[in-house]
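A.B. asks: Just start-v8.csv, nothing more (CSV, C-alpha atoms):
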chain,number,residue,atom,x,y,z
E,1,MET,CA,0.0,0.0,0.0
E,2,ALA,CA,2.8,2.4,0.8
E,3,ASP,CA,4.5,1.7,-2.5
E,4,GLU,CA,1.2,2.4,-4.3
E,5,MET,CA,0.7,5.7,-2.5
E,6,GLU,CA,4.3,6.7,-3.3
E,7,THR,CA,3.7,5.9,-6.9
E,8,VAL,CA,0.5,8.0,-7.0
E,9,GLU,CA,2.2,10.9,-5.3
E,10,PHE,CA,5.1,10.6,-7.7
E,11,PHE,CA,3.0,10.8,-10.9
E,12,LEU,CA,0.8,13.5,-9.5
E,13,THR,CA,3.8,15.6,-8.7
E,14,GLY,CA,4.9,15.3,-12.3
E,15,SER,CA,1.5,15.9,-13.9
E,16,LEU,CA,0.4,18.9,-11.8
E,17,LEU,CA,3.4,21.1,-12.4
E,18,SER,CA,2.8,23.9,-14.9
E,19,HIS,CA,5.0,24.5,-17.9
E,20,LYS,CA,5.8,28.0,-16.7
E,21,ALA,CA,6.9,26.9,-13.3
E,22,PHE,CA,8.9,24.0,-14.8
E,23,MET,CA,10.8,26.3,-17.2
E,24,GLU,CA,11.3,28.9,-14.5
E,25,GLU,CA,12.8,26.3,-12.2
E,26,HIS,CA,15.0,24.4,-14.7
E,27,GLY,CA,15.2,26.6,-17.8
E,28,LYS,CA,18.2,28.6,-16.6
E,29,ASP,CA,20.3,25.4,-16.7
E,30,ARG,CA,19.8,25.1,-20.5
E,31,CYS,CA,19.9,21.4,-20.2
E,32,CYS,CA,18.1,18.5,-22.1
E,33,LEU,CA,15.3,18.5,-19.5
E,34,THR,CA,14.0,21.8,-20.8
E,35,CYS,CA,15.2,21.6,-24.4
E,36,GLY,CA,12.8,21.7,-27.3
E,37,PHE,CA,14.8,18.9,-29.0
E,38,LEU,CA,14.2,16.4,-26.3
E,39,SER,CA,12.1,13.6,-27.8
E,40,THR,CA,11.4,9.8,-27.8
E,41,LEU,CA,12.3,7.5,-30.6
E,42,GLY,CA,10.4,4.3,-31.2
E,43,ALA,CA,9.7,2.2,-34.4
E,44,GLY,CA,11.3,4.9,-36.5
E,45,LYS,CA,9.0,7.6,-35.1
E,46,VAL,CA,10.1,10.7,-33.2
E,47,ASP,CA,7.7,12.2,-30.7
E,48,GLY,CA,7.9,15.2,-28.4
E,49,VAL,CA,8.0,14.7,-24.6
E,50,LEU,CA,5.2,15.9,-22.4
E,51,LEU,CA,5.6,17.9,-19.2
E,52,GLY,CA,4.9,15.1,-16.8
E,53,ASP,CA,7.3,12.7,-18.6
E,54,ARG,CA,10.0,15.4,-18.5
E,55,ASN,CA,9.5,16.0,-14.8
E,56,LEU,CA,9.5,12.3,-13.9
E,57,GLY,CA,12.0,11.1,-16.4
E,58,THR,CA,9.5,8.5,-17.8
E,59,LEU,CA,10.8,8.5,-21.3
E,60,PHE,CA,10.9,4.8,-21.8
E,61,ASN,CA,7.9,3.2,-23.5
E,62,ALA,CA,6.2,6.6,-23.4
E,63,GLY,CA,2.7,6.3,-24.8
E,64,GLY,CA,2.8,2.6,-24.6
E,65,SER,CA,5.3,2.1,-27.4
E,66,ASP,CA,8.7,0.6,-27.4
E,67,SER,CA,10.5,3.9,-27.3
E,68,HIS,CA,13.5,5.5,-25.6
E,69,PRO,CA,14.9,9.0,-24.9
E,70,HIS,CA,16.3,10.7,-28.0
E,71,CYS,CA,17.9,14.0,-29.0
E,72,TYR,CA,16.2,15.2,-32.2
E,73,LEU,CA,19.5,16.6,-33.4
E,74,SER,CA,21.5,13.6,-32.3
E,75,GLU,CA,23.9,15.9,-30.4
E,76,VAL,CA,24.1,13.4,-27.6
E,77,SER,CA,23.1,9.7,-27.0
E,78,LEU,CA,20.7,10.0,-24.1
E,79,ILE,CA,20.2,6.2,-23.9
E,80,PHE,CA,24.0,5.8,-23.6
E,81,GLU,CA,24.2,8.5,-20.9
E,82,PHE,CA,21.3,6.7,-19.1
E,83,TYR,CA,23.1,3.4,-19.0
E,84,LYS,CA,26.2,4.9,-17.6
E,85,ALA,CA,24.3,6.8,-14.8
E,86,ALA,CA,22.1,3.8,-14.0
E,87,LYS,CA,25.1,1.5,-13.7
E,88,ALA,CA,26.7,4.0,-11.3
E,89,ALA,CA,23.5,4.1,-9.3
E,90,ASN,CA,23.1,0.3,-9.2
E,91,VAL,CA,19.8,0.6,-11.1
E,92,ASP,CA,18.7,-2.4,-13.3
E,93,THR,CA,19.2,-1.3,-16.9
E,94,ASP,CA,17.4,-4.2,-18.4
E,95,LEU,CA,14.5,-2.3,-20.0
E,96,ARG,CA,12.7,-5.3,-21.6
E,97,GLY,CA,9.2,-5.4,-20.4
E,98,PHE,CA,9.5,-1.9,-18.9
E,99,ALA,CA,5.8,-1.4,-18.7
E,100,SER,CA,5.3,-4.4,-16.6
E,101,ARG,CA,8.1,-3.5,-14.1
E,102,ALA,CA,7.2,-2.8,-10.5
E,103,PRO,CA,6.2,0.8,-9.9
E,104,GLN,CA,9.1,1.4,-7.6
E,105,GLU,CA,11.5,0.1,-10.3
E,106,ARG,CA,10.0,2.5,-12.9
E,107,ILE,CA,10.3,5.4,-10.4
E,108,GLU,CA,14.0,4.6,-9.9
E,109,ILE,CA,14.6,4.4,-13.6
E,110,GLY,CA,12.8,7.6,-14.2
E,111,ALA,CA,14.7,9.4,-11.5
E,112,VAL,CA,18.0,8.3,-13.1
E,113,MET,CA,16.8,9.5,-16.5
E,114,ARG,CA,15.7,12.8,-15.1
E,115,ASP,CA,19.0,13.4,-13.5
E,116,VAL,CA,20.8,12.6,-16.8
E,117,LEU,CA,18.6,15.1,-18.6
E,118,ALA,CA,19.2,17.8,-15.9
E,119,VAL,CA,23.0,17.7,-16.3
E,120,THR,CA,23.3,17.1,-20.1
E,121,THR,CA,23.8,20.2,-22.2
E,122,CYS,CA,24.9,21.2,-25.7
E,123,ASP,CA,25.3,24.4,-27.8
E,124,GLN,CA,22.1,23.6,-29.8
E,125,TYR,CA,19.8,24.2,-26.8
E,126,VAL,CA,16.5,25.9,-27.5
E,127,PRO,CA,13.8,26.5,-24.7
E,128,TRP,CA,11.0,24.0,-24.9
E,129,ARG,CA,7.6,25.3,-25.9
E,130,GLU,CA,4.8,23.1,-24.6
E,131,HIS,CA,2.7,21.1,-27.2
E,132,LEU,CA,5.1,21.9,-30.0
E,133,SER,CA,7.1,19.2,-31.8
E,134,PRO,CA,10.9,18.9,-31.9
E,135,GLU,CA,10.5,19.5,-35.7
E,136,TRP,CA,8.8,22.8,-35.0
E,137,HIS,CA,11.6,23.8,-32.6
E,138,TRP,CA,14.1,22.9,-35.3
E,139,GLU,CA,12.4,25.1,-38.0
E,140,HIS,CA,12.0,27.9,-35.5
E,141,LYS,CA,15.7,27.7,-34.6
E,142,ARG,CA,16.6,27.8,-38.2
E,143,MET,CA,14.5,30.9,-38.8
E,144,MET,CA,15.9,32.6,-35.7
E,145,ASP,CA,19.5,31.7,-36.9
E,146,ILE,CA,18.7,33.2,-40.3
E,147,GLU,CA,17.3,36.3,-38.8
E,148,ARG,CA,20.3,36.7,-36.5
E,149,MET,CA,22.6,36.3,-39.5
E,150,ARG,CA,20.6,38.9,-41.4
E,151,SER,CA,20.8,41.3,-38.5
E,152,ASP,CA,24.5,40.7,-38.0
E,153,PHE,CA,25.1,41.3,-41.8
E,154,THR,CA,23.0,44.5,-41.7
E,155,GLU,CA,24.8,45.7,-38.7
E,156,GLN,CA,28.2,45.0,-40.3
E,157,LEU,CA,27.1,46.8,-43.5
E,158,GLU,CA,26.1,49.9,-41.4
E,159,LYS,CA,29.4,49.8,-39.5
E,160,ASP,CA,31.3,49.6,-42.8
E,161,ARG,CA,29.3,52.5,-44.2
E,162,ARG,CA,30.0,54.6,-41.1
E,163,ASP,CA,33.7,53.8,-41.3
E,164,TRP,CA,33.9,54.6,-45.0
E,165,THR,CA,32.0,57.9,-44.4
E,166,GLU,CA,34.5,58.8,-41.6
E,167,ARG,CA,37.5,57.9,-43.7
E,168,LEU,CA,36.1,59.9,-46.7
E,169,ALA,CA,35.5,62.9,-44.4
E,170,GLU,CA,39.0,62.7,-43.0
E,171,ARG,CA,40.5,62.4,-46.5
E,172,GLN,CA,38.4,65.4,-47.7
E,173,ALA,CA,39.5,67.4,-44.7
E,174,GLY,CA,43.1,66.5,-45.5
E,175,ASP,CA,42.6,67.6,-49.2
E,176,ASP,CA,41.0,70.8,-48.1
E,177,LYS,CA,43.9,71.5,-45.8
E,178,ARG,CA,46.5,70.8,-48.5
E,179,GLU,CA,44.5,73.0,-50.9
E,180,LYS,CA,44.5,75.9,-48.4
E,181,HIS,CA,48.2,75.4,-47.8
E,182,PHE,CA,48.9,75.5,-51.5
E,183,ALA,CA,46.7,78.6,-52.0
E,184,HIS,CA,48.6,80.4,-49.2
E,185,TRP,CA,51.9,79.6,-51.0
E,186,ILE,CA,50.5,80.9,-54.3
E,187,ALA,CA,49.3,84.1,-52.6
E,188,PHE,CA,52.7,84.5,-50.9
E,189,ALA,CA,54.5,84.0,-54.2
E,190,ALA,CA,52.2,86.5,-55.9
E,191,ILE,CA,53.0,89.1,-53.3
E,192,ILE,CA,56.8,88.5,-53.6
E,193,LEU,CA,56.5,88.8,-57.4
E,194,GLY,CA,54.5,92.0,-57.1
E,195,LEU,CA,57.0,93.5,-54.7
E,196,PHE,CA,59.8,92.4,-57.1
E,197,GLN,CA,58.1,94.0,-60.0
E,198,LEU,CA,57.4,97.2,-58.0
E,199,ALA,CA,61.0,97.3,-56.9
E,200,SER,CA,62.2,96.8,-60.4
E,201,ALA,CA,60.0,99.6,-61.8
E,202,PHE,CA,61.4,102.0,-59.1
E,203,LEU,CA,65.0,100.9,-59.1
E,204,ALA,CA,65.6,100.5,-62.8
E,205,PRO,CA,65.6,104.3,-63.7
E,206,VAL,CA,67.9,105.0,-60.7
E,207,ALA,CA,70.3,102.2,-61.8
E,208,LEU,CA,70.4,103.5,-65.4
E,209,LYS,CA,71.0,107.0,-64.3
E,210,ALA,CA,73.8,105.9,-62.1
E,211,LEU,CA,75.4,104.1,-65.0
E,212,GLY,CA,75.3,107.2,-67.1
E,213,PHE,CA,72.2,106.3,-69.2
E,214,SER,CA,69.7,109.0,-69.6
E,215,GLY,CA,66.2,108.8,-71.0
E,216,ASN,CA,66.8,112.0,-73.2
What would you get if you wrote out this structure as structure tokens?
C.D. replies:
Amino acid sequence: MADEMETVEFFLTGSLLSHKAFMEEHGKDRCCLTCGFLSTLGAGKVDGVLLGDRNLGTLFNAGGSDSHPHCYLSEVSLIFEFYKAAKAANVDTDLRGFASRAPQERIEIGAVMRDVLAVTTCDQYVPWREHLSPEWHWEHKRMMDIERMRSDFTEQLEKDRRDWTERLAERQAGDDKREKHFAHWIAFAAIILGLFQLASAFLAPVALKALGFSGN
């Protein structure tokens, strides 16, 4: 009777938790437990994992089929990680006839699986959205990645445009400075030439007279 009550409490705990509360509690860890790619694989069919099964780790024979935990992107072998953890915890890993196993045995297996999901992470993590399939999460991630690439490309183009505008302005300022400098030299040369011409016009008659030349 005690085992039955413990089993009922165990499954109620998993089924009554809300998606929001579940993600708030575990989503910050960015682990398989709250990843949108967590799924089950059985008979060549991939299915998403419900909230209760995530919280309890009951991913074996989910839905009454011969299925096992699976990463939709195959980034990690969850069944392999389960076998390692179960062996370390001295939990029977013979999953044949899992549905007919004693409730306490299924609870122990689920607890090991949940612990594995809670510590397994990868770079492809996406937050799980309830009632949406792993395929939807994949398509959504692809769209988000494309949008991020577009945004990064647009930002880079804008940065390049600003850099080019600044360099062009600096070059133009340098050209203007050189033009002004050259114009100053031209003006200075014109003044010197004018003074020379003025001096020549004044000194030429004096020099000729001193040399004995006369205008008469």
A.B. asks: Counting all atoms listed in the file, what is within 12 Å of E:Phe80, bar same-chain residues fewer than 3 positions away, as a PyMOL selection string?
C.D. replies: chain E and resi 68-71+74+76-77+83-87+93+113+116-117+120
A.B. asks: Need the shell around E:Ala111: protein/DNA/RNA residues with any atom at most 12 Å away, counting all atoms listed in the file. Skip same-chain ones fewer than 2 positions apart. Format as number ranges by chain?
C.D. replies: E: 10-11, 14, 53-60, 82, 85-86, 89, 91, 104-109, 113-118
A.B. asks: List the spatial neighbours of stretch 124-131 of chain E as a list in words - criterion: any atom at most 9 Å away, only C-alpha atoms, same-chain residues fewer than 4 positions off excluded.
C.D. replies: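 Counting only C-alpha atoms, the residues come to His19, Met23, Gly27, Arg30, Cys31, Cys32, Leu33, Thr34, Cys35, Gly36, Phe37, Leu38, Gly48, Val49, Leu50, Leu51, Leu73, Glu75, His137, Trp138 and Lys141 of chain E.
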A.B. asks: Ranking E:Leu157, E:Leu78, E:Ile191, E:Val46 by minimum distance to E:Pro134 and counting all atoms listed in the file, which one comes first?
C.D. replies: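 When distances to E:Pro134 are compared using all atoms listed in the file, the smallest one comes from E:Val46.
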A.B. asks: State, in Å with one decimal place, the distance from atom CA of E:Asn90 to atom CA of E:Glu25.
C.D. replies: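 According to the coordinates, atom CA of E:Asn90 and atom CA of E:Glu25 are separated by 28.1 Å.
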A.B. asks: Could you check how far atom CA of E:Thr121 sits from atom CA of E:Glu81, in Å to one decimal?
C.D. replies: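 According to the coordinates, atom CA of E:Thr121 and atom CA of E:Glu81 are separated by 11.8 Å.
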A.B. asks: Quick one: distance from atom CA of E:Ala169 to atom CA of E:Thr154 in Å, one decimal?
C.D. replies: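 One can read the atom CA of E:Ala169 to atom CA of E:Thr154 distance as 22.4 Å.
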